[in-house]
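Student: Sending over a structure as C-alpha cells; questions will come in a sec.
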Amino acid sequence: MKAGAIILAGGKSSRMGTNKALLPLNEKMNIERIKDELQSVFDDIILVTNDPETYEFLNIRTVPDAYPGQGPLAGLQAGLHASHYEENIVVACDMPFITAEIGMNIVKGLKHFDAVIPVIDEKQHPLFAAYQKRTAAVAKSCLEEGHLRMKDFLRNLDVFYLNEIALAAFGDVDTEKAFFNMNHPHEYDEAKKWTENRK
C-alpha cells in the first residue's frame with residue numbers, strides 16, 4: 001500500500017515495569033510482531049525511538065523525538081515529519097494484535113480528512129489511527145505551546161471518527177483484540193494466553 005507506517009516506541013513502560021516493546025509473545029518480541037504485521041501491507045515503516053541501538057535487530061528506519069519526554073504526541077510528530085508518505089498509519093508499541101488489514105482500511109478512510117480515529121466502546125484510539133503528514137505541523141505547534149494531550153491535538157484537526165459499525169463493514173473484525181493495549185503485567189498475561197491459544 002502506498003502509505004507509511006509509524007511505530008511509536010518512546011514510552012517509559014513505567015506501568016509494566018519493563019520495556020513492553022521487547023516482551024516475548026509466542027517466540028517473537030511484541031514490537032517484532034507489530035513490525036512484521038505492518039510490513040505485509042505498508043511500503044515504508046518508521047520506528048520512533050530515542051534508543052535506536054535497542055531496536056537495530058528490526059532492520060527498519062528509526063527517528064528520534066524532536067521533543068523528548070513529551071509523550072506520544074512528540075513521537076507522532078517525529079514520525080509524521082520523517083515519513084515519505086502523505087498518508088500514514090500510526091501504531092503504539094503496546095498493541096500486539098493490530099492487523100495490517102484494519103490499518104489499511106483505516107488509512108483508506110482518510111481521503112480529505114486530516115485523521116481517522118477509531119472509536120471502540122466509546123473510547124478513542126488515536127495511537128492505532130491514520131494521519132496525513134501535514135498534521136505534523138499542528139502537532140509541533142501543540143508541543144511548543146505545551147498542549148501535550150492527544151485530545152488537544154485532535155481538536156485542531158478535521159477528524160473522521162470510525163466506530164465499530166464502520167469497522168465491521170471491513171469484514172470479521174475482532175475489535176477487542178485489535179485495539180488491545182498492553183500496559184500492565186496482568187494485560188501482558190492476558191496477551192500471552194491469547195497467543196498460546198492460537199498455537
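Residue numbering restarts at 1 in every chain; chains get A, B, ... in the order shown in the C-alpha cells, and ligands count up from 1 in that same order.
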Give me the residues within 10 Å of Pro72 (chain A) as a VMD selection string, counting only C-alpha atoms and dropping any in the same chain fewer than 6 places off.

Tutor: chain A and resid 8 to 11 48 65 78 92 126 to 127 148 to 150

Student: Skipping near chain neighbours, those fewer than 2 positions away, what residues fall within 12 Å of Thr175 (chain A) using only C-alpha atoms, listed as a list in words?

Tutor: Met95, Phe97, Ile98, Thr99, Ile102, Pro118, Val119, Ile120, Asp121, Lys123, His125, Phe128, Leu162, Asn163, Glu164, Ile165, Ala166, Leu167, Ala168, Phe170, Gly171, Asp172, Val173, Lys177, Ala178, Phe179, Phe180 and Asn181 of chain A

Student: Would you save the residues from that selection as a compact mmCIF listing (two decimals), in the first residue's frame, using N, CA, C and O atoms?

Tutor:
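Heads up, here's the output in again-v9.txt:
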# COMPACT_ATOMS: atom_id res chain seq x y z
N MET A 95 0.42 -2.48 21.40
CA MET A 95 -0.78 -3.05 20.77
C MET A 95 -0.38 -4.29 19.95
O MET A 95 -0.24 -4.21 18.72
N PHE A 97 -1.80 -6.95 18.88
CA PHE A 97 -2.71 -7.68 17.99
C PHE A 97 -3.31 -6.82 16.89
O PHE A 97 -4.34 -7.16 16.31
N ILE A 98 -2.66 -5.70 16.59
CA ILE A 98 -3.13 -4.91 15.45
C ILE A 98 -3.03 -5.77 14.18
O ILE A 98 -2.23 -6.69 14.13
N THR A 99 -3.87 -5.46 13.22
CA THR A 99 -3.75 -6.18 11.94
C THR A 99 -3.51 -5.18 10.83
O THR A 99 -4.02 -4.06 10.86
N ILE A 102 -6.78 -4.06 9.07
CA ILE A 102 -7.51 -2.96 9.71
C ILE A 102 -6.78 -1.65 9.49
O ILE A 102 -7.38 -0.63 9.15
N PRO A 118 -10.25 5.53 15.20
CA PRO A 118 -11.23 4.52 15.60
C PRO A 118 -11.78 4.82 17.00
O PRO A 118 -11.05 5.32 17.87
N VAL A 119 -13.05 4.51 17.19
CA VAL A 119 -13.70 4.65 18.49
C VAL A 119 -14.37 3.31 18.82
O VAL A 119 -15.30 2.89 18.14
N ILE A 120 -13.85 2.66 19.86
CA ILE A 120 -14.35 1.34 20.26
C ILE A 120 -14.91 1.44 21.67
O ILE A 120 -14.21 1.89 22.59
N ASP A 121 -16.17 1.05 21.85
CA ASP A 121 -16.83 1.17 23.16
C ASP A 121 -16.69 2.58 23.72
O ASP A 121 -16.38 2.78 24.90
N LYS A 123 -14.42 4.66 23.37
CA LYS A 123 -13.05 5.07 23.67
C LYS A 123 -12.29 5.33 22.38
O LYS A 123 -12.26 4.48 21.49
N HIS A 125 -9.07 5.79 19.95
CA HIS A 125 -7.77 5.12 19.84
C HIS A 125 -6.88 5.89 18.87
O HIS A 125 -6.65 5.47 17.73
N PHE A 128 -3.73 3.94 17.23
CA PHE A 128 -3.85 2.99 16.12
C PHE A 128 -4.82 3.69 15.17
O PHE A 128 -6.01 3.41 15.13
N LEU A 162 -14.18 6.72 13.42
CA LEU A 162 -14.60 5.44 12.84
C LEU A 162 -15.09 4.52 13.96
O LEU A 162 -14.30 4.07 14.79
N ASN A 163 -16.40 4.25 14.00
CA ASN A 163 -16.92 3.42 15.09
C ASN A 163 -16.95 1.94 14.72
O ASN A 163 -16.57 1.54 13.62
N GLU A 164 -17.42 1.12 15.67
CA GLU A 164 -17.42 -0.34 15.47
C GLU A 164 -18.25 -0.76 14.26
O GLU A 164 -17.90 -1.70 13.55
N ILE A 165 -19.36 -0.04 14.02
CA ILE A 165 -20.23 -0.39 12.88
C ILE A 165 -19.48 -0.20 11.58
O ILE A 165 -19.52 -1.04 10.68
N ALA A 166 -18.78 0.93 11.48
CA ALA A 166 -18.00 1.20 10.26
C ALA A 166 -16.86 0.20 10.11
O ALA A 166 -16.57 -0.27 9.01
N LEU A 167 -16.23 -0.16 11.22
CA LEU A 167 -15.14 -1.15 11.16
C LEU A 167 -15.67 -2.51 10.73
O LEU A 167 -15.00 -3.25 10.00
N ALA A 168 -16.86 -2.85 11.17
CA ALA A 168 -17.46 -4.15 10.82
C ALA A 168 -17.67 -4.28 9.31
O ALA A 168 -17.70 -5.39 8.77
N PHE A 170 -15.62 -3.71 7.16
CA PHE A 170 -14.38 -4.20 6.55
C PHE A 170 -14.27 -5.72 6.62
O PHE A 170 -13.33 -6.31 6.10
N GLY A 171 -15.21 -6.36 7.31
CA GLY A 171 -15.14 -7.81 7.44
C GLY A 171 -15.25 -8.22 8.90
O GLY A 171 -15.65 -7.43 9.76
N ASP A 172 -14.87 -9.45 9.17
CA ASP A 172 -14.96 -10.01 10.52
C ASP A 172 -13.81 -9.46 11.36
O ASP A 172 -12.70 -9.98 11.34
N VAL A 173 -14.06 -8.38 12.09
CA VAL A 173 -13.03 -7.69 12.85
C VAL A 173 -13.22 -7.93 14.34
O VAL A 173 -14.28 -7.65 14.89
N LYS A 177 -9.64 -7.39 20.43
CA LYS A 177 -8.26 -7.85 20.32
C LYS A 177 -7.40 -6.85 19.55
O LYS A 177 -6.28 -6.51 19.96
N ALA A 178 -7.90 -6.37 18.41
CA ALA A 178 -7.11 -5.49 17.55
C ALA A 178 -6.73 -4.18 18.24
O ALA A 178 -5.69 -3.59 17.95
N PHE A 179 -7.59 -3.72 19.16
CA PHE A 179 -7.32 -2.45 19.85
C PHE A 179 -6.92 -2.65 21.31
O PHE A 179 -6.99 -1.74 22.11
N PHE A 180 -6.44 -3.84 21.60
CA PHE A 180 -6.00 -4.19 22.96
C PHE A 180 -4.68 -3.50 23.28
O PHE A 180 -3.72 -3.57 22.51
N ASN A 181 -4.64 -2.81 24.42
CA ASN A 181 -3.41 -2.16 24.89
C ASN A 181 -2.79 -2.97 26.02
O ASN A 181 -3.50 -3.39 26.94

Student: In Å, how far is it from CA of Asn105 (chain A) to CA of Ala5 (chain A)?

Tutor: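 Calculated distance between CA of Asn105 (chain A) and CA of Ala5 (chain A) is 13.0 Å.
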
Student: Find the residue from A:Ala66, A:Ile31, A:Leu143, A:Leu47 that sits nearest to Gly4 (chain A); use only C-alpha atoms when measuring.

Tutor: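 For Gly4 (chain A), the nearest of the candidates is A:Leu47.
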
Student: Pick from A:Glu53, A:Val91, A:Leu80, A:Asn26: nearest to Asn197 (chain A), with only C-alpha atoms counted?

Tutor: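 Of A:Glu53, A:Val91, A:Leu80, A:Asn26, the one nearest Asn197 (chain A), counting only C-alpha atoms, is A:Asn26.
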